[in-house]
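Data file: final_22.cif. Format and content: mmCIF, C-alpha atoms.
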```cif
data_final
loop_
_atom_site.group_PDB
_atom_site.id
_atom_site.type_symbol
_atom_site.label_atom_id
_atom_site.label_comp_id
_atom_site.auth_asym_id
_atom_site.auth_seq_id
_atom_site.Cartn_x
_atom_site.Cartn_y
_atom_site.Cartn_z
ATOM 1 C CA MET A 1 -38.746 -1.023 -14.390
ATOM 2 C CA ARG A 2 -36.842 -1.348 -11.115
ATOM 3 C CA HIS A 3 -38.944 1.313 -9.387
ATOM 4 C CA LEU A 4 -42.100 -0.698 -10.190
ATOM 5 C CA ILE A 5 -40.939 -3.707 -8.149
ATOM 6 C CA PRO A 6 -42.515 -3.781 -4.650
ATOM 7 C CA ASP A 7 -39.951 -3.370 -1.873
ATOM 8 C CA ILE A 8 -41.008 -6.647 -0.279
ATOM 9 C CA LEU A 9 -39.870 -8.541 -3.372
ATOM 10 C CA LYS A 10 -36.487 -6.865 -3.801
ATOM 11 C CA PRO A 11 -34.577 -9.059 -1.286
ATOM 12 C CA TYR A 12 -35.845 -12.181 -3.065
ATOM 13 C CA LEU A 13 -34.825 -10.831 -6.438
ATOM 14 C CA ARG A 14 -31.362 -10.014 -5.112
ATOM 15 C CA SER A 15 -31.066 -13.576 -3.792
ATOM 16 C CA LEU A 16 -32.127 -15.011 -7.146
ATOM 17 C CA ARG A 17 -29.645 -12.777 -8.957
ATOM 18 C CA LYS A 18 -26.866 -13.888 -6.615
ATOM 19 C CA LEU A 19 -27.791 -17.547 -7.170
ATOM 20 C CA TYR A 20 -27.694 -16.967 -10.929
ATOM 21 C CA TYR A 21 -24.262 -15.371 -10.715
ATOM 22 C CA MET A 22 -22.965 -18.247 -8.589
ATOM 23 C CA MET A 23 -24.159 -20.755 -11.172
ATOM 24 C CA VAL A 24 -22.867 -18.861 -14.200
ATOM 25 C CA TYR A 25 -19.779 -16.945 -13.070
ATOM 26 C CA VAL A 26 -18.304 -18.579 -9.974
ATOM 27 C CA ARG A 27 -15.555 -21.180 -10.265
ATOM 28 C CA ALA A 28 -13.006 -22.749 -7.911
ATOM 29 C CA PRO A 29 -10.457 -20.054 -7.009
ATOM 30 C CA LYS A 30 -7.392 -21.946 -8.237
ATOM 31 C CA SER A 31 -8.794 -22.803 -11.656
ATOM 32 C CA ALA A 32 -10.709 -19.596 -12.395
ATOM 33 C CA ALA A 33 -9.463 -16.911 -14.746
ATOM 34 C CA TYR A 34 -10.226 -14.212 -12.166
ATOM 35 C CA TYR A 35 -10.251 -14.014 -8.393
ATOM 36 C CA CYS A 36 -11.978 -11.746 -5.864
ATOM 37 C CA PRO A 37 -9.972 -11.576 -2.612
ATOM 38 C CA VAL A 38 -12.814 -9.861 -0.761
ATOM 39 C CA CYS A 39 -15.240 -12.774 -0.967
ATOM 40 C CA ASN A 40 -12.559 -15.372 -1.819
ATOM 41 C CA VAL A 41 -14.145 -16.761 -4.979
ATOM 42 C CA GLY A 42 -12.943 -17.543 -8.461
ATOM 43 C CA LEU A 43 -14.799 -15.928 -11.332
ATOM 44 C CA ARG A 44 -15.274 -16.498 -15.036
ATOM 45 C CA ARG A 45 -15.754 -12.784 -15.612
ATOM 46 C CA TRP A 46 -16.368 -9.442 -13.927
ATOM 47 C CA VAL A 47 -19.459 -7.294 -14.047
ATOM 48 C CA ILE A 48 -18.552 -4.191 -16.044
ATOM 49 C CA ILE A 49 -19.731 -0.869 -14.633
ATOM 50 C CA THR A 50 -19.685 1.546 -17.536
ATOM 51 C CA TRP A 51 -19.257 4.659 -15.395
ATOM 52 C CA GLU A 52 -16.546 3.286 -13.129
ATOM 53 C CA ASP A 53 -14.805 -0.071 -13.242
ATOM 54 C CA THR A 54 -15.323 -3.812 -12.896
ATOM 55 C CA VAL A 55 -17.018 -5.288 -9.848
ATOM 56 C CA CYS A 56 -17.378 -8.765 -8.409
ATOM 57 C CA CYS A 57 -20.755 -10.275 -9.208
ATOM 58 C CA LEU A 58 -21.111 -11.681 -5.682
ATOM 59 C CA CYS A 59 -19.848 -9.014 -3.291
ATOM 60 C CA SER A 60 -19.768 -6.010 -5.667
ATOM 61 C CA SER A 61 -16.175 -5.199 -4.735
ATOM 62 C CA SER A 62 -14.631 -2.581 -6.998
ATOM 63 C CA GLU A 63 -11.008 -2.447 -8.077
ATOM 64 C CA ARG A 64 -10.083 -0.121 -5.223
ATOM 65 C CA ASN A 65 -11.876 -2.455 -2.764
ATOM 66 C CA ARG A 66 -9.896 -5.447 -3.972
ATOM 67 C CA LEU A 67 -6.606 -3.541 -3.741
ATOM 68 C CA ALA A 68 -7.420 -2.366 -0.206
ATOM 69 C CA TRP A 69 -8.451 -5.819 0.967
ATOM 70 C CA TRP A 70 -5.313 -7.458 -0.370
ATOM 71 C CA PHE A 71 -3.253 -4.735 1.297
ATOM 72 C CA LEU A 72 -4.970 -5.201 4.660
ATOM 73 C CA GLU A 73 -4.403 -8.971 4.424
ATOM 74 C CA ARG A 74 -0.842 -8.920 3.130
ATOM 75 C CA ARG A 75 0.794 -5.821 4.572
ATOM 76 C CA THR A 76 -0.859 -5.189 7.946
ATOM 77 C CA PRO A 77 -1.240 -7.226 11.169
ATOM 78 C CA LEU A 78 -5.020 -6.797 11.129
ATOM 79 C CA PHE A 79 -5.740 -10.531 10.893
ATOM 80 C CA ASP A 80 -3.280 -11.784 13.507
ATOM 81 C CA GLY A 81 -6.038 -12.552 16.023
ATOM 82 C CA LYS A 82 -5.371 -9.609 18.343
ATOM 83 C CA GLN A 83 -8.256 -7.346 19.300
ATOM 84 C CA ARG A 84 -7.933 -3.710 18.304
ATOM 85 C CA LYS A 85 -9.830 -0.463 18.209
ATOM 86 C CA MET A 86 -10.620 0.301 14.579
ATOM 87 C CA LEU A 87 -12.520 3.189 13.011
ATOM 88 C CA HIS A 88 -14.051 2.341 9.631
ATOM 89 C CA ILE A 89 -15.384 5.514 7.989
ATOM 90 C CA ALA A 90 -18.162 5.265 5.377
ATOM 91 C CA PRO A 91 -17.888 1.480 5.673
ATOM 92 C CA GLU A 92 -17.845 -0.735 2.615
ATOM 93 C CA GLU A 93 -20.587 -3.307 3.071
ATOM 94 C CA GLN A 94 -18.345 -6.071 1.709
ATOM 95 C CA PHE A 95 -15.794 -5.504 4.468
ATOM 96 C CA VAL A 96 -17.885 -5.037 7.586
ATOM 97 C CA ASN A 97 -18.525 -8.599 8.745
ATOM 98 C CA ARG A 98 -14.999 -9.812 8.073
ATOM 99 C CA LEU A 99 -13.343 -6.805 9.687
ATOM 100 C CA SER A 100 -15.622 -7.021 12.699
ATOM 101 C CA ALA A 101 -14.685 -10.683 13.157
ATOM 102 C CA ALA A 102 -10.975 -9.913 12.806
ATOM 103 C CA VAL A 103 -10.833 -6.838 15.031
ATOM 104 C CA GLY A 104 -13.325 -7.740 17.746
ATOM 105 C CA PRO A 105 -15.640 -5.495 19.782
ATOM 106 C CA GLY A 106 -13.400 -2.459 19.194
ATOM 107 C CA TYR A 107 -14.520 -2.283 15.567
ATOM 108 C CA ILE A 108 -16.598 0.868 14.918
ATOM 109 C CA THR A 109 -18.322 1.926 11.705
ATOM 110 C CA ALA A 110 -19.064 5.621 11.293
ATOM 111 C CA ASP A 111 -20.623 7.986 8.788
ATOM 112 C CA LEU A 112 -22.206 11.429 8.817
ATOM 113 C CA LEU A 113 -25.606 10.392 7.435
ATOM 114 C CA ALA A 114 -25.718 6.685 6.506
ATOM 115 C CA PRO A 115 -28.309 4.839 8.609
ATOM 116 C CA ARG A 116 -26.564 1.473 8.990
ATOM 117 C CA VAL A 117 -23.515 2.512 10.988
ATOM 118 C CA MET A 118 -22.653 2.240 14.657
ATOM 119 C CA VAL A 119 -22.083 5.958 15.188
ATOM 120 C CA HIS A 120 -22.922 9.117 13.287
ATOM 121 C CA MET A 121 -19.859 11.284 13.049
ATOM 122 C CA ASP A 122 -18.572 14.428 11.395
ATOM 123 C CA ILE A 123 -15.071 13.530 10.253
ATOM 124 C CA THR A 124 -13.946 17.089 10.992
ATOM 125 C CA LYS A 125 -15.162 16.759 14.605
ATOM 126 C CA ILE A 126 -14.439 13.187 15.643
ATOM 127 C CA GLN A 127 -15.990 12.504 19.051
ATOM 128 C CA TYR A 128 -13.194 10.269 20.340
ATOM 129 C CA GLY A 129 -10.179 11.206 22.412
ATOM 130 C CA ASP A 130 -6.589 11.626 21.339
ATOM 131 C CA ASN A 131 -4.664 8.454 20.456
ATOM 132 C CA PHE A 132 -7.810 6.320 20.625
ATOM 133 C CA PHE A 133 -7.697 4.031 17.561
ATOM 134 C CA ASP A 134 -5.156 1.407 16.555
ATOM 135 C CA VAL A 135 -6.460 1.325 12.979
ATOM 136 C CA ILE A 136 -8.351 3.739 10.724
ATOM 137 C CA PHE A 137 -9.711 2.843 7.301
ATOM 138 C CA CYS A 138 -10.991 5.724 5.181
ATOM 139 C CA SER A 139 -11.542 5.095 1.469
ATOM 140 C CA HIS A 140 -12.861 7.655 -1.031
ATOM 141 C CA VAL A 141 -14.266 9.948 1.650
ATOM 142 C CA LEU A 142 -12.047 13.025 1.745
ATOM 143 C CA GLU A 143 -12.987 14.195 -1.755
ATOM 144 C CA HIS A 144 -16.509 14.738 -0.366
ATOM 145 C CA VAL A 145 -15.375 16.798 2.654
ATOM 146 C CA PRO A 146 -15.183 20.606 2.255
ATOM 147 C CA ASN A 147 -12.490 21.009 4.927
ATOM 148 C CA ASP A 148 -10.418 17.944 4.203
ATOM 149 C CA ARG A 149 -7.338 19.367 5.929
ATOM 150 C CA LEU A 150 -9.219 19.522 9.213
ATOM 151 C CA ALA A 151 -10.550 16.004 8.632
ATOM 152 C CA ILE A 152 -7.029 14.667 8.056
ATOM 153 C CA LYS A 153 -5.840 16.446 11.192
ATOM 154 C CA GLU A 154 -8.633 14.776 13.158
ATOM 155 C CA LEU A 155 -7.686 11.363 11.781
ATOM 156 C CA GLY A 156 -4.136 11.963 12.939
ATOM 157 C CA ARG A 157 -5.322 13.135 16.353
ATOM 158 C CA VAL A 158 -7.322 9.993 17.147
ATOM 159 C CA LEU A 159 -4.743 7.579 15.703
ATOM 160 C CA LYS A 160 -2.497 5.959 18.291
ATOM 161 C CA PRO A 161 1.285 6.168 17.990
ATOM 162 C CA GLY A 162 2.210 2.757 16.623
ATOM 163 C CA GLY A 163 -1.152 2.419 14.891
ATOM 164 C CA PHE A 164 -1.855 2.906 11.210
ATOM 165 C CA ALA A 165 -4.391 4.496 8.887
ATOM 166 C CA VAL A 166 -5.176 3.265 5.383
ATOM 167 C CA ILE A 167 -6.480 6.101 3.227
ATOM 168 C CA GLN A 168 -7.608 6.060 -0.387
ATOM 169 C CA VAL A 169 -8.666 8.965 -2.591
ATOM 170 C CA PRO A 170 -9.009 9.212 -6.382
ATOM 171 C CA ILE A 171 -5.891 10.818 -7.864
ATOM 172 C CA VAL A 172 -7.138 12.149 -11.189
ATOM 173 C CA ALA A 173 -5.414 15.522 -11.695
ATOM 174 C CA ASP A 174 -1.882 16.819 -12.079
ATOM 175 C CA THR A 175 -2.374 18.987 -8.991
ATOM 176 C CA THR A 176 -5.216 19.227 -6.499
ATOM 177 C CA PHE A 177 -7.955 21.633 -7.573
ATOM 178 C CA GLU A 178 -10.827 22.882 -5.423
ATOM 179 C CA ASP A 179 -13.142 25.880 -5.387
ATOM 180 C CA PRO A 180 -15.568 26.216 -2.437
ATOM 181 C CA SER A 181 -17.749 28.586 -4.462
ATOM 182 C CA ILE A 182 -18.740 25.740 -6.800
ATOM 183 C CA ILE A 183 -21.896 24.270 -5.291
ATOM 184 C CA ASP A 184 -23.974 23.478 -8.376
ATOM 185 C CA PRO A 185 -24.076 19.671 -8.788
ATOM 186 C CA ARG A 186 -23.732 19.916 -12.559
ATOM 187 C CA GLU A 187 -20.603 22.038 -12.248
ATOM 188 C CA ARG A 188 -19.176 19.672 -9.647
ATOM 189 C CA LEU A 189 -19.825 16.786 -11.998
ATOM 190 C CA ARG A 190 -18.065 18.601 -14.806
ATOM 191 C CA LEU A 191 -15.082 19.796 -12.803
ATOM 192 C CA PHE A 192 -14.706 17.182 -10.076
ATOM 193 C CA GLY A 193 -16.167 14.082 -11.736
ATOM 194 C CA GLN A 194 -19.111 13.568 -9.372
ATOM 195 C CA GLU A 195 -21.973 15.724 -8.137
ATOM 196 C CA ASP A 196 -20.980 15.400 -4.479
ATOM 197 C CA HIS A 197 -17.218 15.788 -4.904
ATOM 198 C CA VAL A 198 -15.740 19.105 -3.808
ATOM 199 C CA ARG A 199 -12.279 18.729 -5.359
ATOM 200 C CA VAL A 200 -10.042 16.621 -7.544
ATOM 201 C CA TYR A 201 -6.802 15.391 -6.026
ATOM 202 C CA GLY A 202 -3.387 15.277 -7.611
ATOM 203 C CA PRO A 203 -0.206 13.556 -6.397
ATOM 204 C CA ASP A 204 0.299 16.502 -4.035
ATOM 205 C CA PHE A 205 -2.397 14.938 -1.821
ATOM 206 C CA ILE A 206 0.451 13.336 0.089
ATOM 207 C CA ILE A 207 1.534 16.814 1.234
ATOM 208 C CA ARG A 208 -1.819 17.308 2.970
ATOM 209 C CA LEU A 209 -1.264 14.103 4.902
ATOM 210 C CA LYS A 210 2.244 15.094 5.907
ATOM 211 C CA ASP A 211 1.088 18.593 6.890
ATOM 212 C CA ALA A 212 -1.151 16.907 9.482
ATOM 213 C CA GLY A 213 1.898 15.280 11.071
ATOM 214 C CA LEU A 214 1.491 11.850 9.484
ATOM 215 C CA ASN A 215 4.242 9.670 8.102
ATOM 216 C CA VAL A 216 3.089 8.477 4.684
ATOM 217 C CA GLN A 217 3.946 5.679 2.283
ATOM 218 C CA LYS A 218 2.249 5.625 -1.121
ATOM 219 C CA ILE A 219 1.797 2.010 -2.148
ATOM 220 C CA SER A 220 0.565 0.714 -5.497
ATOM 221 C CA ALA A 221 -0.557 -2.795 -6.411
ATOM 222 C CA SER A 222 2.783 -3.654 -8.028
ATOM 223 C CA ASP A 223 4.601 -2.888 -4.763
ATOM 224 C CA PHE A 224 3.235 -5.989 -3.059
ATOM 225 C CA LEU A 225 1.378 -8.081 -5.657
ATOM 226 C CA GLY A 226 2.747 -10.052 -8.581
ATOM 227 C CA PRO A 227 1.644 -9.554 -12.208
ATOM 228 C CA GLU A 228 -0.518 -12.685 -12.174
ATOM 229 C CA GLU A 229 -2.421 -11.602 -9.072
ATOM 230 C CA ILE A 230 -2.906 -8.095 -10.442
ATOM 231 C CA ALA A 231 -4.359 -9.572 -13.635
ATOM 232 C CA ARG A 232 -6.573 -12.101 -11.835
ATOM 233 C CA GLY A 233 -7.894 -9.414 -9.482
ATOM 234 C CA HIS A 234 -8.328 -7.045 -12.418
ATOM 235 C CA LEU A 235 -6.455 -4.177 -10.804
ATOM 236 C CA THR A 236 -5.882 -1.293 -13.197
ATOM 237 C CA LYS A 237 -5.153 2.407 -12.790
ATOM 238 C CA LEU A 238 -8.712 2.695 -11.448
ATOM 239 C CA SER A 239 -7.664 0.795 -8.336
ATOM 240 C CA GLY A 240 -5.485 3.786 -7.417
ATOM 241 C CA ASP A 241 -2.938 3.777 -4.601
ATOM 242 C CA ILE A 242 -2.879 3.098 -0.883
ATOM 243 C CA PHE A 243 -1.723 5.894 1.426
ATOM 244 C CA TYR A 244 -0.406 4.101 4.483
ATOM 245 C CA CYS A 245 -0.104 6.544 7.378
ATOM 246 C CA THR A 246 1.488 6.329 10.816
ATOM 247 C CA LYS A 247 2.510 8.799 13.480
#
```

Starting from the file, give its structure as structure tokens.
Amino acid sequence: MRHLIPDILKPYLRSLRKLYYMMVYVRAPKSAAYYCPVCNVGLRRWVIITWEDTVCCLCSSSERNRLAWWFLERRTPLFDGKQRKMLHIAPEEQFVNRLSAAVGPGYITADLLAPRVMVHMDITKIQYGDNFFDVIFCSHVLEHVPNDRLAIKELGRVLKPGGFAVIQVPIVADTTFEDPSIIDPRERLRLFGQEDHVRVYGPDFIIRLKDAGLNVQKISASDFLGPEEIARGHLTKLSGDIFYCTK
């Protein structure tokens, strides 16, 4: 039925749906059973996505989004009021306005094809100079990139000494598996979990980061959040880990 709705009406329907969710699901943060740190609201329940995980009914943040946002707030200086140069690759819509306000005019969103970004960029050929960015945020991108080693090397090249990169990828295998000859979407879905994925990562992903000259810390939710917060934010194994990189 969705494809029968005229485009002109879709924004109004989204607004009505959001109003409905606010009336039914949203509660004061302190008294609610659940909490979304991305949009800072309390919730009665999450929206369950059968093919992935739970999302916030207001901002659509996934488990990995909520983990990343908490990490940026709690474990980085990103919100200390200082202006920085930040590269946000394949930007999450929920983050853009708040990160732009925190970082200032040096905040740049980039993607290869997406229309609503500031610059179009091939992550394996980043068009900025060495040591250019104070901060890089790159979540669930590298599993789509055929030459991820070159992409990681480029991220390291443009990252300033003293800066940091926050990288997330799905770790779903015992060891990383890729085969460039597999181009059929159905085979990629079967082997890699999604039609546009080109590999599955294992814990050895950290070696690829280190091979590019990055210092890496793997950080899970339990490393900086208490059990109550993890439960209220509904962070499970699907939220994954943070790879915090410096050089």

TODO: I need the residue set behind the PyMOL selection byres ((chain A and resi 149) around 12) for this file; please write it as a PyMOL selection string.
DONE: chain A and resi 123-125+142-143+145-148+150-156+205-213

Is it possible to get the axis-aligned box enclosing range 165-172 of chain A (all listed atoms, 6 Å extra per side) as lines of an AutoDock Vina configuration file, with centre and edge lengths in Å rounded to one decimal?
```
center_x = -6.7
center_y = 7.7
center_z = -1.2
size_x = 16.6
size_y = 20.9
size_z = 32.1
```

Task: Local residues around (-1.4, 4.5, 19.6), at most 12 Å away, using all atoms listed in the file, as a PyMOL selection string - done: chain A and resi 84-86+129-136+156-165+246-247

Convert the current residue selection to file output with C-alpha atoms, as a JSON list (two decimals), in the coordinates of the input.
```json
[["chain", "number", "residue", "atom", "x", "y", "z"],
["A", 84, "ARG", "CA", -7.93, -3.71, 18.30],
["A", 85, "LYS", "CA", -9.83, -0.46, 18.21],
["A", 86, "MET", "CA", -10.62, 0.30, 14.58],
["A", 129, "GLY", "CA", -10.18, 11.21, 22.41],
["A", 130, "ASP", "CA", -6.59, 11.63, 21.34],
["A", 131, "ASN", "CA", -4.66, 8.45, 20.46],
["A", 132, "PHE", "CA", -7.81, 6.32, 20.62],
["A", 133, "PHE", "CA", -7.70, 4.03, 17.56],
["A", 134, "ASP", "CA", -5.16, 1.41, 16.56],
["A", 135, "VAL", "CA", -6.46, 1.32, 12.98],
["A", 136, "ILE", "CA", -8.35, 3.74, 10.72],
["A", 156, "GLY", "CA", -4.14, 11.96, 12.94],
["A", 157, "ARG", "CA", -5.32, 13.14, 16.35],
["A", 158, "VAL", "CA", -7.32, 9.99, 17.15],
["A", 159, "LEU", "CA", -4.74, 7.58, 15.70],
["A", 160, "LYS", "CA", -2.50, 5.96, 18.29],
["A", 161, "PRO", "CA", 1.28, 6.17, 17.99],
["A", 162, "GLY", "CA", 2.21, 2.76, 16.62],
["A", 163, "GLY", "CA", -1.15, 2.42, 14.89],
["A", 164, "PHE", "CA", -1.86, 2.91, 11.21],
["A", 165, "ALA", "CA", -4.39, 4.50, 8.89],
["A", 246, "THR", "CA", 1.49, 6.33, 10.82],
["A", 247, "LYS", "CA", 2.51, 8.80, 13.48]]
```

Could you state which residues are captured by the PyMOL selection byres ((chain A and resi 236) around 12) in this file, as an mmCIF file with C-alpha atoms, in the coordinates of the input?
```
data_model
loop_
_atom_site.group_PDB
_atom_site.id
_atom_site.type_symbol
_atom_site.label_atom_id
_atom_site.label_comp_id
_atom_site.auth_asym_id
_atom_site.auth_seq_id
_atom_site.Cartn_x
_atom_site.Cartn_y
_atom_site.Cartn_z
ATOM 1 C CA GLU A 52 -16.546 3.286 -13.129
ATOM 2 C CA ASP A 53 -14.805 -0.071 -13.242
ATOM 3 C CA THR A 54 -15.323 -3.812 -12.896
ATOM 4 C CA SER A 62 -14.631 -2.581 -6.998
ATOM 5 C CA GLU A 63 -11.008 -2.447 -8.077
ATOM 6 C CA ARG A 64 -10.083 -0.121 -5.223
ATOM 7 C CA ARG A 66 -9.896 -5.447 -3.972
ATOM 8 C CA LEU A 67 -6.606 -3.541 -3.741
ATOM 9 C CA SER A 220 0.565 0.714 -5.497
ATOM 10 C CA ALA A 221 -0.557 -2.795 -6.411
ATOM 11 C CA SER A 222 2.783 -3.654 -8.028
ATOM 12 C CA PRO A 227 1.644 -9.554 -12.208
ATOM 13 C CA GLU A 229 -2.421 -11.602 -9.072
ATOM 14 C CA ILE A 230 -2.906 -8.095 -10.442
ATOM 15 C CA ALA A 231 -4.359 -9.572 -13.635
ATOM 16 C CA ARG A 232 -6.573 -12.101 -11.835
ATOM 17 C CA GLY A 233 -7.894 -9.414 -9.482
ATOM 18 C CA HIS A 234 -8.328 -7.045 -12.418
ATOM 19 C CA LEU A 235 -6.455 -4.177 -10.804
ATOM 20 C CA LYS A 237 -5.153 2.407 -12.790
ATOM 21 C CA LEU A 238 -8.712 2.695 -11.448
ATOM 22 C CA SER A 239 -7.664 0.795 -8.336
ATOM 23 C CA GLY A 240 -5.485 3.786 -7.417
ATOM 24 C CA ASP A 241 -2.938 3.777 -4.601
#
```

Selection under test: the PyMOL selection byres ((chain A and resi 81) around 12); residues as a compact mmCIF listing (two decimals) with C-alpha atoms, in the frame of the given file:
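Written file, part_16.txt:
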```txt
# COMPACT_ATOMS: atom_id res chain seq x y z
CA PRO A 77 -1.24 -7.23 11.17
CA LEU A 78 -5.02 -6.80 11.13
CA PHE A 79 -5.74 -10.53 10.89
CA ASP A 80 -3.28 -11.78 13.51
CA LYS A 82 -5.37 -9.61 18.34
CA GLN A 83 -8.26 -7.35 19.30
CA ARG A 84 -7.93 -3.71 18.30
CA LEU A 99 -13.34 -6.80 9.69
CA SER A 100 -15.62 -7.02 12.70
CA ALA A 101 -14.68 -10.68 13.16
CA ALA A 102 -10.98 -9.91 12.81
CA VAL A 103 -10.83 -6.84 15.03
CA GLY A 104 -13.32 -7.74 17.75
```

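Of the listed residues (A:Val41, A:Ser31, A:Asp179, A:Phe224), A:Asp179 comes nearest to Leu191 in chain A; the distances count all atoms listed in the file.
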
Open item on the list: Just want the 10 Å neighbourhood of range 38-40 of chain A, counted on only C-alpha atoms, with same-chain residues fewer than 4 positions away dropped. Output as number ranges by chain.
Closed with: A: 28-29, 56, 58-62, 65-70, 73, 94-95, 98

Open item on the list: So the first atom is CA of Pro115 in chain A and the second is CA of Ile182 in chain A; what is the distance between them in Å, to one decimal place?
Closed with: 27.7 Å

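Residue nearest Trp46 in chain A within the list A:Ile242, A:Leu72, A:Ala114, A:Ala33: A:Ala33 [criterion: smallest interatomic distance, all atoms listed in the file].
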
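Atom pair CA of Leu189 in chain A / CA of Val216 in chain A: separated by 29.5 Å.
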
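CA of Leu87 in chain A is positioned 7.2 Å from CA of Ala110 in chain A.
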